[in-house]
Amino acid sequence: MSCESIFTVTGQPDPDRAGRVSELERLGFTWADMDGEAYWIDQIVTLRKETYCELKEAAASLWRVLDKTVRYIHGNHHIYSLIGIPPILWAMLDECPLPEEGLISRYARFDFAIAHDGSIKLLELNADTPTGYVEASIATPWMCAQAGIYSPNEQMKTLVAEAWGVERPDTAACIAYGEHKEDSGTIEALVRHSGLDIRLVDCLDLWVDEGILKDGQGREIQRMFALYPKEWMSVDDGGDALAYAIETGRLQLFNSPHSILLQSKGLLAAMWGMFELGLLFDEIEREAINNYMLPTYNKPVFSGQYVSKSMFGREGGSVKLYDPAGQLEIEDQDGYDTSVLFPTVYQHRAEMARVETAAGEFHILTGMFVINGTPCGLLGRAGGLITGNSSHFIAMGVK
């Protein structure tokens with residue numbers, strides 16, 4: 001690894017890992033160890049202040065450009081089809097009013113590939129159901145404070161409180177609440193940081209009665225935050241009834257229904273196509289796209305190395321990497337392959353820096369949360385060429 005890398009790994013794991021895992025559990029991070037494996041690496045990756053400042057500005061610029069793109073394609077069913085939006089959701093997207101500028105999603109996370117020289121490229125945006133919130137908002141500031149390293153993540157809790165103070169959900173839901181540690185812990189932390197009195201429920205206990213969403217006790221739900229991918233309404237039993245409850249205004253869902261337009265990786269292809277054609281974007285926006293985005297298409301047009309992935313793939317599922325000769329090099333074996341359900345997108349490969357940790361050498365994926373429209377928190381993931389379910393969490397700070 002080059003000594004000039006913008007990344008530095010600091011500290012060594014504490015010999016008393018069990019004690020530190022217990023402390024993190026008390027704070028709300030209950031999956032530092034999962035299934036007998038260490039998910040959390042007890043070290044910190046720092047990046048240079050100049051790189052962090054550029055990353056934050058890149059996130060703000062791309063957020064504005066993506067927001068503009070969604071408003072441009074809103075209501076265009078031809079583009080909905082191209083970017084993989086299930087037809088069962090089209091009426092919901094057309095009937096529900098678009099949120100105000102910059103706030104289509106109030107809870108999102110960019111994933112960036114950053115090379116050793118500090119070059120930044122956007123891989124994708126999870127604008128619908130991002131996890132990693134507990135790791136970023138609770139575990140990362142805790143670790144950085146102990147090491148005397150600056151963490152920009154401190155404001156995440158305040159921004160969640162501001163966002164939910166506007167949306168005011170009465171219910172928060174995830175699938176397998178109380179059993180799935182990560183999703184359950186995520187909604188519990190969000191509710192705690194919101195400062196509101198919110199019921200927590202299992203999505204599998206919900207049902208729709210004549211257009212009204214109810215929980216397992218039969219109580220009506222009017223405003224709900226859900227870690228439930230909206231594209232699954234097209235394949236889940238009752239998904240059409242849930243979409244109907246939303247499009248008729250009986251249920252307000254957060255993130256907003258339109259976050260699925262931001263979520264689709266097909267939107268990046270549509271945006272890149274408009275960039276190449278000289279449409280929609282002004283000179284400053286074009287500069288941001290040119291600097292921080294990767295050429296992305298809905299067909300494999302590359303002559304060199306590229307990546308293919310489902311427009312609604314998550315946790316590395318469906319990702320395939322092709323080498324400079326265009327031959328398959330590696331594919332994800334752990335995540336669920338959603339390319340059997342949704343179209344595929346093709347993206348030029350980006351370089352991700354590798355870091356040497358006490359647990360081994362890994363590629364580092366840099367997440368940047370955008371909460372209430374503000375880029376605000378770093379999430380470090382250490383893994384292989386594909387950052388999937390088997391990757392590790394490593395705290396990230398700024399030096």
# chains A, B, ... in the order shown; residues from 1 in each chain; ligands from 1

call {"tool": "closest_atom_pairs", "arguments": {"of": "region 50-168 of chain A", "to": "region 214-235 of chain A", "cutoff": "9 Å", "atoms": "only C-alpha atoms", "output": "tab-separated table"}}
result
residue	atom	partner	partner_atom	distance
A:Ile85	CA	A:Glu231	CA	7.2
A:Pro86	CA	A:Ser234	CA	6.2
A:Pro87	CA	A:Ser234	CA	8.0
A:Ile88	CA	A:Ser234	CA	6.2
A:Leu89	CA	A:Ser234	CA	7.6
A:Asp128	CA	A:Pro229	CA	6.7
A:Thr129	CA	A:Leu227	CA	5.1
A:Pro130	CA	A:Leu227	CA	7.9
A:Thr131	CA	A:Leu227	CA	8.5
A:Glu167	CA	A:Arg223	CA	7.9
A:Arg168	CA	A:Arg223	CA	7.2

call {"tool": "closest_residue", "arguments": {"among": "A:Leu267, A:Leu253, A:Val45, A:Leu27", "to": "Tyr150 (chain A)", "atoms": "only C-alpha atoms"}}
result
A:Val45

call {"tool": "select_by_dssp", "arguments": {"residues": "region 181-245 of chain A", "states": "helix (DSSP H, G or I)", "output": "ChimeraX atom specification"}}
result
/A:181-194,203-205,230-234,239-245

call {"tool": "write_last_selection", "arguments": {"atoms": "N, CA, C and O atoms", "output": "mmCIF file, in the first residue's frame"}}
result
data_model
loop_
_atom_site.group_PDB
_atom_site.id
_atom_site.type_symbol
_atom_site.label_atom_id
_atom_site.label_comp_id
_atom_site.auth_asym_id
_atom_site.auth_seq_id
_atom_site.Cartn_x
_atom_site.Cartn_y
_atom_site.Cartn_z
ATOM 1 N N LYS A 181 -31.448 -8.806 14.235
ATOM 2 C CA LYS A 181 -30.763 -7.845 15.105
ATOM 3 C C LYS A 181 -30.485 -6.517 14.417
ATOM 4 O O LYS A 181 -30.720 -5.440 14.982
ATOM 5 N N GLU A 182 -29.972 -6.568 13.186
ATOM 6 C CA GLU A 182 -29.538 -5.335 12.530
ATOM 7 C C GLU A 182 -30.719 -4.423 12.211
ATOM 8 O O GLU A 182 -30.699 -3.234 12.547
ATOM 9 N N ASP A 183 -31.751 -4.966 11.575
ATOM 10 C CA ASP A 183 -32.888 -4.120 11.213
ATOM 11 C C ASP A 183 -33.642 -3.646 12.454
ATOM 12 O O ASP A 183 -34.069 -2.485 12.528
ATOM 13 N N SER A 184 -33.812 -4.540 13.433
ATOM 14 C CA SER A 184 -34.502 -4.153 14.670
ATOM 15 C C SER A 184 -33.723 -3.062 15.402
ATOM 16 O O SER A 184 -34.301 -2.057 15.854
ATOM 17 N N GLY A 185 -32.400 -3.249 15.509
ATOM 18 C CA GLY A 185 -31.575 -2.253 16.181
ATOM 19 C C GLY A 185 -31.566 -0.919 15.452
ATOM 20 O O GLY A 185 -31.494 0.149 16.080
ATOM 21 N N THR A 186 -31.670 -0.977 14.121
ATOM 22 C CA THR A 186 -31.677 0.255 13.330
ATOM 23 C C THR A 186 -32.924 1.077 13.605
ATOM 24 O O THR A 186 -32.844 2.285 13.877
ATOM 25 N N ILE A 187 -34.098 0.449 13.554
ATOM 26 C CA ILE A 187 -35.314 1.249 13.783
ATOM 27 C C ILE A 187 -35.425 1.673 15.241
ATOM 28 O O ILE A 187 -35.946 2.756 15.542
ATOM 29 N N GLU A 188 -34.898 0.851 16.162
ATOM 30 C CA GLU A 188 -34.917 1.254 17.575
ATOM 31 C C GLU A 188 -34.059 2.493 17.799
ATOM 32 O O GLU A 188 -34.448 3.411 18.536
ATOM 33 N N ALA A 189 -32.889 2.542 17.165
ATOM 34 C CA ALA A 189 -32.021 3.713 17.311
ATOM 35 C C ALA A 189 -32.643 4.948 16.682
ATOM 36 O O ALA A 189 -32.597 6.051 17.257
ATOM 37 N N LEU A 190 -33.233 4.796 15.505
ATOM 38 C CA LEU A 190 -33.875 5.928 14.848
ATOM 39 C C LEU A 190 -35.017 6.476 15.701
ATOM 40 O O LEU A 190 -35.162 7.699 15.858
ATOM 41 N N VAL A 191 -35.820 5.581 16.275
ATOM 42 C CA VAL A 191 -36.922 6.018 17.136
ATOM 43 C C VAL A 191 -36.380 6.727 18.372
ATOM 44 O O VAL A 191 -36.876 7.794 18.773
ATOM 45 N N ARG A 192 -35.348 6.157 18.962
ATOM 46 C CA ARG A 192 -34.760 6.768 20.165
ATOM 47 C C ARG A 192 -34.223 8.158 19.849
ATOM 48 O O ARG A 192 -34.432 9.113 20.612
ATOM 49 N N HIS A 193 -33.535 8.288 18.726
ATOM 50 C CA HIS A 193 -32.950 9.584 18.378
ATOM 51 C C HIS A 193 -34.002 10.593 17.929
ATOM 52 O O HIS A 193 -33.766 11.800 17.987
ATOM 53 N N SER A 194 -35.149 10.116 17.489
ATOM 54 C CA SER A 194 -36.214 11.049 17.064
ATOM 55 C C SER A 194 -36.834 11.767 18.254
ATOM 56 O O SER A 194 -37.364 12.871 18.117
ATOM 57 N N CYS A 203 -43.183 -5.975 10.100
ATOM 58 C CA CYS A 203 -43.911 -5.823 8.825
ATOM 59 C C CYS A 203 -44.807 -7.035 8.542
ATOM 60 O O CYS A 203 -45.869 -6.898 7.917
ATOM 61 N N LEU A 204 -44.374 -8.210 8.998
ATOM 62 C CA LEU A 204 -45.134 -9.427 8.699
ATOM 63 C C LEU A 204 -46.445 -9.496 9.476
ATOM 64 O O LEU A 204 -47.309 -10.335 9.164
ATOM 65 N N ASP A 205 -46.610 -8.625 10.485
ATOM 66 C CA ASP A 205 -47.865 -8.585 11.248
ATOM 67 C C ASP A 205 -48.855 -7.567 10.685
ATOM 68 O O ASP A 205 -49.988 -7.467 11.181
ATOM 69 N N LYS A 230 -39.388 -0.818 -1.218
ATOM 70 C CA LYS A 230 -40.666 -0.585 -1.893
ATOM 71 C C LYS A 230 -40.859 -1.457 -3.129
ATOM 72 O O LYS A 230 -41.999 -1.762 -3.504
ATOM 73 N N GLU A 231 -39.752 -1.874 -3.766
ATOM 74 C CA GLU A 231 -39.911 -2.721 -4.945
ATOM 75 C C GLU A 231 -40.534 -4.073 -4.605
ATOM 76 O O GLU A 231 -41.122 -4.735 -5.474
ATOM 77 N N TRP A 232 -40.451 -4.470 -3.320
ATOM 78 C CA TRP A 232 -41.022 -5.764 -2.936
ATOM 79 C C TRP A 232 -42.541 -5.737 -2.916
ATOM 80 O O TRP A 232 -43.180 -6.793 -2.818
ATOM 81 N N MET A 233 -43.143 -4.549 -3.006
ATOM 82 C CA MET A 233 -44.608 -4.493 -3.134
ATOM 83 C C MET A 233 -45.076 -5.205 -4.395
ATOM 84 O O MET A 233 -46.218 -5.632 -4.483
ATOM 85 N N SER A 234 -44.187 -5.325 -5.383
ATOM 86 C CA SER A 234 -44.572 -5.964 -6.650
ATOM 87 C C SER A 234 -44.554 -7.487 -6.574
ATOM 88 O O SER A 234 -45.104 -8.152 -7.457
ATOM 89 N N GLY A 239 -48.873 -6.690 -1.405
ATOM 90 C CA GLY A 239 -48.142 -5.503 -1.838
ATOM 91 C C GLY A 239 -49.009 -4.525 -2.604
ATOM 92 O O GLY A 239 -48.874 -3.301 -2.435
ATOM 93 N N ASP A 240 -49.923 -5.047 -3.412
ATOM 94 C CA ASP A 240 -50.810 -4.165 -4.170
ATOM 95 C C ASP A 240 -51.760 -3.418 -3.236
ATOM 96 O O ASP A 240 -52.076 -2.243 -3.467
ATOM 97 N N ALA A 241 -52.191 -4.074 -2.156
ATOM 98 C CA ALA A 241 -53.068 -3.419 -1.190
ATOM 99 C C ALA A 241 -52.320 -2.310 -0.448
ATOM 100 O O ALA A 241 -52.871 -1.234 -0.181
ATOM 101 N N LEU A 242 -51.038 -2.567 -0.121
ATOM 102 C CA LEU A 242 -50.231 -1.541 0.545
ATOM 103 C C LEU A 242 -50.029 -0.349 -0.378
ATOM 104 O O LEU A 242 -50.154 0.813 0.053
ATOM 105 N N ALA A 243 -49.722 -0.602 -1.659
ATOM 106 C CA ALA A 243 -49.555 0.485 -2.624
ATOM 107 C C ALA A 243 -50.845 1.292 -2.746
ATOM 108 O O ALA A 243 -50.814 2.530 -2.848
ATOM 109 N N TYR A 244 -51.987 0.611 -2.723
ATOM 110 C CA TYR A 244 -53.282 1.297 -2.824
ATOM 111 C C TYR A 244 -53.517 2.199 -1.613
ATOM 112 O O TYR A 244 -53.996 3.334 -1.749
ATOM 113 N N ALA A 245 -53.154 1.710 -0.412
ATOM 114 C CA ALA A 245 -53.314 2.526 0.796
ATOM 115 C C ALA A 245 -52.496 3.806 0.700
ATOM 116 O O ALA A 245 -52.911 4.878 1.160
#

call {"tool": "residues_around", "arguments": {"residues": "region 12-17 of chain A", "least_positions_apart": "5", "cutoff": "12 Å", "atoms": "only C-alpha atoms", "output": "VMD selection string"}}
result
chain A and resid 22 to 24 32 to 33 38 40 to 45 143 146 to 147 356 to 359 394

call {"tool": "closest_residue", "arguments": {"among": "A:Lys299, A:Ile138, A:Leu268, A:Asn126", "to": "Gly313 (chain A)", "atoms": "only C-alpha atoms"}}
result
A:Asn126

call {"tool": "residues_around", "arguments": {"residues": "Gly148 (chain A)", "least_positions_apart": "2", "cutoff": "12 Å", "atoms": "only C-alpha atoms", "output": "number ranges by chain"}}
result
A: 10-11, 44, 46, 140-146, 150-151, 397-399

call {"tool": "write_last_selection", "arguments": {"atoms": "C-alpha atoms", "output": "CSV table (one decimal), in the first residue's frame"}}
result
chain,number,residue,atom,x,y,z
A,10,THR,CA,-5.0,3.7,13.6
A,11,GLY,CA,-5.0,1.8,16.8
A,44,ILE,CA,-10.4,3.2,13.0
A,46,THR,CA,-9.1,7.9,9.0
A,140,THR,CA,-18.2,5.4,15.2
A,141,PRO,CA,-18.4,8.5,17.5
A,142,TRP,CA,-17.8,6.3,20.5
A,143,MET,CA,-14.7,4.9,19.0
A,144,CYS,CA,-13.4,8.2,17.6
A,145,ALA,CA,-13.9,10.0,21.0
A,146,GLN,CA,-11.8,7.3,22.8
A,150,TYR,CA,-12.6,13.8,14.8
A,151,SER,CA,-15.9,12.2,13.8
A,397,GLY,CA,-12.9,9.3,11.1
A,398,VAL,CA,-11.2,12.4,9.8
A,399,LYS,CA,-7.6,13.4,10.4

call {"tool": "select_by_dssp", "arguments": {"residues": "region 69-274 of chain A", "states": "strand (DSSP E or B)", "output": "ChimeraX atom specification"}}
result
/A:107-114,120-126,150,171-174,199-202,207-209,212-214,220-221,223-227,252-254

call {"tool": "write_last_selection", "arguments": {"atoms": "N, CA and C atoms", "output": "CSV table (one decimal), in the first residue's frame"}}
result
chain,number,residue,atom,x,y,z
A,107,TYR,N,-33.7,10.1,4.6
A,107,TYR,CA,-32.8,9.2,5.2
A,107,TYR,C,-32.2,8.3,4.2
A,108,ALA,N,-30.9,8.6,3.8
A,108,ALA,CA,-30.3,7.9,2.6
A,108,ALA,C,-28.8,7.8,2.9
A,109,ARG,N,-28.1,6.9,2.0
A,109,ARG,CA,-26.7,6.8,2.2
A,109,ARG,C,-26.1,6.5,0.8
A,110,PHE,N,-25.1,7.4,0.5
A,110,PHE,CA,-24.3,7.1,-0.7
A,110,PHE,C,-23.2,6.1,-0.4
A,111,ASP,N,-22.8,5.3,-1.4
A,111,ASP,CA,-21.6,4.4,-1.2
A,111,ASP,C,-20.6,4.8,-2.3
A,112,PHE,N,-19.4,5.2,-1.8
A,112,PHE,CA,-18.4,5.7,-2.7
A,112,PHE,C,-17.2,4.8,-2.7
A,113,ALA,N,-16.5,4.7,-3.9
A,113,ALA,CA,-15.2,4.0,-4.0
A,113,ALA,C,-14.2,5.2,-4.0
A,114,ILE,N,-13.3,5.1,-3.0
A,114,ILE,CA,-12.2,6.2,-3.0
A,114,ILE,C,-10.9,5.4,-3.1
A,120,ILE,N,-12.6,10.1,-6.1
A,120,ILE,CA,-13.9,9.7,-5.5
A,120,ILE,C,-14.8,9.3,-6.7
A,121,LYS,N,-15.5,8.2,-6.6
A,121,LYS,CA,-16.5,7.8,-7.6
A,121,LYS,C,-17.7,7.2,-6.8
A,122,LEU,N,-18.9,7.6,-7.3
A,122,LEU,CA,-20.1,7.1,-6.7
A,122,LEU,C,-20.4,5.7,-7.3
A,123,LEU,N,-20.6,4.8,-6.4
A,123,LEU,CA,-21.1,3.4,-6.8
A,123,LEU,C,-22.6,3.3,-6.8
A,124,GLU,N,-23.2,3.8,-5.8
A,124,GLU,CA,-24.7,3.7,-5.7
A,124,GLU,C,-25.2,4.6,-4.6
A,125,LEU,N,-26.5,4.7,-4.6
A,125,LEU,CA,-27.3,5.5,-3.6
A,125,LEU,C,-28.4,4.6,-3.0
A,126,ASN,N,-28.4,4.4,-1.7
A,126,ASN,CA,-29.5,3.7,-1.1
A,126,ASN,C,-30.3,4.8,-0.4
A,150,TYR,N,-11.4,13.1,15.1
A,150,TYR,CA,-12.6,13.8,14.8
A,150,TYR,C,-13.6,12.9,14.1
A,171,THR,N,-45.6,5.0,13.7
A,171,THR,CA,-45.1,3.6,13.7
A,171,THR,C,-43.8,3.4,12.9
A,172,ALA,N,-42.9,2.6,13.4
A,172,ALA,CA,-41.7,2.2,12.7
A,172,ALA,C,-41.7,0.7,12.6
A,173,ALA,N,-41.3,0.2,11.4
A,173,ALA,CA,-41.4,-1.2,11.1
A,173,ALA,C,-40.2,-1.8,10.4
A,174,CYS,N,-40.0,-3.1,10.6
A,174,CYS,CA,-39.0,-3.8,9.8
A,174,CYS,C,-39.5,-5.2,9.8
A,199,ARG,N,-44.6,3.5,17.9
A,199,ARG,CA,-44.7,2.0,18.1
A,199,ARG,C,-43.8,1.3,17.1
A,200,LEU,N,-43.2,0.2,17.6
A,200,LEU,CA,-42.3,-0.6,16.7
A,200,LEU,C,-43.0,-1.9,16.4
A,201,VAL,N,-43.1,-2.3,15.1
A,201,VAL,CA,-43.8,-3.5,14.8
A,201,VAL,C,-43.1,-4.3,13.7
A,202,ASP,N,-43.5,-5.5,13.5
A,202,ASP,CA,-43.0,-6.4,12.5
A,202,ASP,C,-43.9,-6.2,11.2
A,207,TRP,N,-51.4,-5.7,8.0
A,207,TRP,CA,-52.5,-6.1,7.0
A,207,TRP,C,-53.3,-4.8,6.6
A,208,VAL,N,-53.9,-4.9,5.5
A,208,VAL,CA,-54.7,-3.8,5.0
A,208,VAL,C,-56.1,-4.2,5.0
A,209,ASP,N,-56.9,-3.3,5.6
A,209,ASP,CA,-58.4,-3.5,5.7
A,209,ASP,C,-59.1,-2.3,5.0
A,212,ILE,N,-56.9,0.6,4.6
A,212,ILE,CA,-56.4,1.2,5.9
A,212,ILE,C,-55.4,0.1,6.4
A,213,LEU,N,-54.1,0.6,6.7
A,213,LEU,CA,-53.1,-0.3,7.2
A,213,LEU,C,-53.3,-0.5,8.7
A,214,LYS,N,-53.2,-1.7,9.2
A,214,LYS,CA,-53.4,-2.0,10.6
A,214,LYS,C,-52.3,-2.9,11.1
A,220,GLU,N,-55.0,1.2,13.7
A,220,GLU,CA,-54.7,1.9,12.4
A,220,GLU,C,-53.4,2.5,12.4
A,221,ILE,N,-52.6,2.4,11.3
A,221,ILE,CA,-51.4,3.1,11.1
A,221,ILE,C,-51.6,4.1,10.0
A,223,ARG,N,-49.1,6.9,9.6
A,223,ARG,CA,-47.8,7.5,9.2
A,223,ARG,C,-46.7,6.5,9.7
A,224,MET,N,-46.0,5.9,8.7
A,224,MET,CA,-45.1,4.8,9.1
A,224,MET,C,-43.7,5.0,8.4
A,225,PHE,N,-42.7,4.8,9.2
A,225,PHE,CA,-41.3,4.6,8.7
A,225,PHE,C,-41.1,3.1,8.6
A,226,ALA,N,-40.6,2.6,7.4
A,226,ALA,CA,-40.4,1.2,7.3
A,226,ALA,C,-39.1,0.8,6.6
A,227,LEU,N,-38.3,-0.1,7.2
A,227,LEU,CA,-37.2,-0.6,6.5
A,227,LEU,C,-37.7,-1.8,5.6
A,252,GLN,N,-49.3,7.5,5.0
A,252,GLN,CA,-48.1,8.2,4.6
A,252,GLN,C,-46.9,7.4,5.0
A,253,LEU,N,-46.1,7.1,4.0
A,253,LEU,CA,-44.9,6.2,4.1
A,253,LEU,C,-43.6,7.0,4.1
A,254,PHE,N,-42.7,6.7,5.0
A,254,PHE,CA,-41.4,7.3,5.0
A,254,PHE,C,-40.3,6.2,4.9

call {"tool": "residues_around", "arguments": {"residues": "Leu365 (chain A)", "least_positions_apart": "5", "cutoff": "10 Å", "atoms": "only C-alpha atoms", "output": "PyMOL selection string"}}
result
chain A and resi 111-115+123+352-354+379-387+391+393-394

call {"tool": "write_last_selection", "arguments": {"atoms": "C-alpha atoms", "output": "tab-separated table (two decimals), in the first residue's frame"}}
result
chain	number	residue	atom	x	y	z
A	111	ASP	CA	-21.64	4.42	-1.25
A	112	PHE	CA	-18.37	5.71	-2.71
A	113	ALA	CA	-15.22	4.05	-4.00
A	114	ILE	CA	-12.23	6.15	-2.98
A	115	ALA	CA	-8.78	5.28	-4.35
A	123	LEU	CA	-21.06	3.43	-6.77
A	352	MET	CA	-11.21	1.03	-4.19
A	353	ALA	CA	-8.27	1.48	-1.84
A	354	ARG	CA	-7.10	-1.48	0.23
A	379	LEU	CA	-19.69	4.54	7.36
A	380	GLY	CA	-16.64	2.34	6.78
A	381	ARG	CA	-17.06	-1.16	5.33
A	382	ALA	CA	-14.07	-3.47	4.86
A	383	GLY	CA	-14.49	-6.37	2.46
A	384	GLY	CA	-13.50	-7.91	-0.83
A	385	LEU	CA	-13.88	-6.58	-4.36
A	386	ILE	CA	-17.63	-6.90	-3.77
A	387	THR	CA	-18.82	-5.39	-0.49
A	391	SER	CA	-17.90	-7.55	4.89
A	393	PHE	CA	-17.75	-2.64	9.83
A	394	ILE	CA	-14.78	-0.45	10.63

call {"tool": "atom_distance", "arguments": {"atom1": "CA of Gly367 (chain A)", "atom2": "CA of His392 (chain A)"}}
result
13.0 Å

call {"tool": "closest_residue", "arguments": {"among": "A:Leu93, A:Met271, A:His180, A:Thr30", "to": "Lys68 (chain A)", "atoms": "only C-alpha atoms"}}
result
A:Met271

call {"tool": "residues_around", "arguments": {"residues": "Gly326 (chain A)", "least_positions_apart": "3", "cutoff": "6 Å", "atoms": "only C-alpha atoms", "output": "count of residues only"}}
result
4

call {"tool": "decode", "arguments": {"residues": "region 51-97 of chain A", "atoms": "C-alpha atoms", "output": "mmCIF file, in the first residue's frame"}}
result
data_model
loop_
_atom_site.group_PDB
_atom_site.id
_atom_site.type_symbol
_atom_site.label_atom_id
_atom_site.label_comp_id
_atom_site.auth_asym_id
_atom_site.auth_seq_id
_atom_site.Cartn_x
_atom_site.Cartn_y
_atom_site.Cartn_z
ATOM 1 C CA THR A 51 -10.566 14.329 1.027
ATOM 2 C CA TYR A 52 -13.433 14.380 3.524
ATOM 3 C CA CYS A 53 -14.311 17.971 2.570
ATOM 4 C CA GLU A 54 -14.306 17.026 -1.118
ATOM 5 C CA LEU A 55 -16.394 13.930 -0.381
ATOM 6 C CA LYS A 56 -18.974 15.977 1.474
ATOM 7 C CA GLU A 57 -19.192 18.473 -1.388
ATOM 8 C CA ALA A 58 -19.413 15.636 -3.926
ATOM 9 C CA ALA A 59 -22.303 14.123 -1.974
ATOM 10 C CA ALA A 60 -24.102 17.479 -1.797
ATOM 11 C CA SER A 61 -23.633 18.084 -5.531
ATOM 12 C CA LEU A 62 -24.754 14.599 -6.570
ATOM 13 C CA TRP A 63 -27.734 14.822 -4.211
ATOM 14 C CA ARG A 64 -28.920 17.953 -6.012
ATOM 15 C CA VAL A 65 -28.329 16.430 -9.453
ATOM 16 C CA LEU A 66 -30.179 13.199 -8.584
ATOM 17 C CA ASP A 67 -33.064 15.188 -7.127
ATOM 18 C CA LYS A 68 -33.281 17.187 -10.364
ATOM 19 C CA THR A 69 -33.229 13.965 -12.399
ATOM 20 C CA VAL A 70 -36.119 12.430 -10.436
ATOM 21 C CA ARG A 71 -38.236 15.561 -10.956
ATOM 22 C CA TYR A 72 -37.464 15.440 -14.682
ATOM 23 C CA ILE A 73 -38.550 11.794 -15.107
ATOM 24 C CA HIS A 74 -41.505 11.905 -12.673
ATOM 25 C CA GLY A 75 -44.638 10.672 -14.437
ATOM 26 C CA ASN A 76 -42.733 9.315 -17.455
ATOM 27 C CA HIS A 77 -43.787 5.663 -17.582
ATOM 28 C CA HIS A 78 -41.355 4.845 -20.370
ATOM 29 C CA ILE A 79 -38.438 5.824 -18.127
ATOM 30 C CA TYR A 80 -40.080 4.100 -15.138
ATOM 31 C CA SER A 81 -39.939 0.905 -17.200
ATOM 32 C CA LEU A 82 -36.316 1.495 -18.255
ATOM 33 C CA ILE A 83 -35.147 1.963 -14.649
ATOM 34 C CA GLY A 84 -37.011 -1.091 -13.372
ATOM 35 C CA ILE A 85 -39.892 0.499 -11.438
ATOM 36 C CA PRO A 86 -42.588 -2.197 -11.100
ATOM 37 C CA PRO A 87 -45.788 -1.110 -12.922
ATOM 38 C CA ILE A 88 -47.870 -1.807 -9.813
ATOM 39 C CA LEU A 89 -46.193 1.259 -8.232
ATOM 40 C CA TRP A 90 -46.679 3.710 -11.098
ATOM 41 C CA ALA A 91 -50.066 5.003 -9.932
ATOM 42 C CA MET A 92 -48.688 5.485 -6.422
ATOM 43 C CA LEU A 93 -45.758 7.515 -7.765
ATOM 44 C CA ASP A 94 -48.001 9.605 -10.022
ATOM 45 C CA GLU A 95 -50.735 10.257 -7.433
ATOM 46 C CA CYS A 96 -48.546 11.114 -4.450
ATOM 47 C CA PRO A 97 -47.145 14.666 -4.477
#
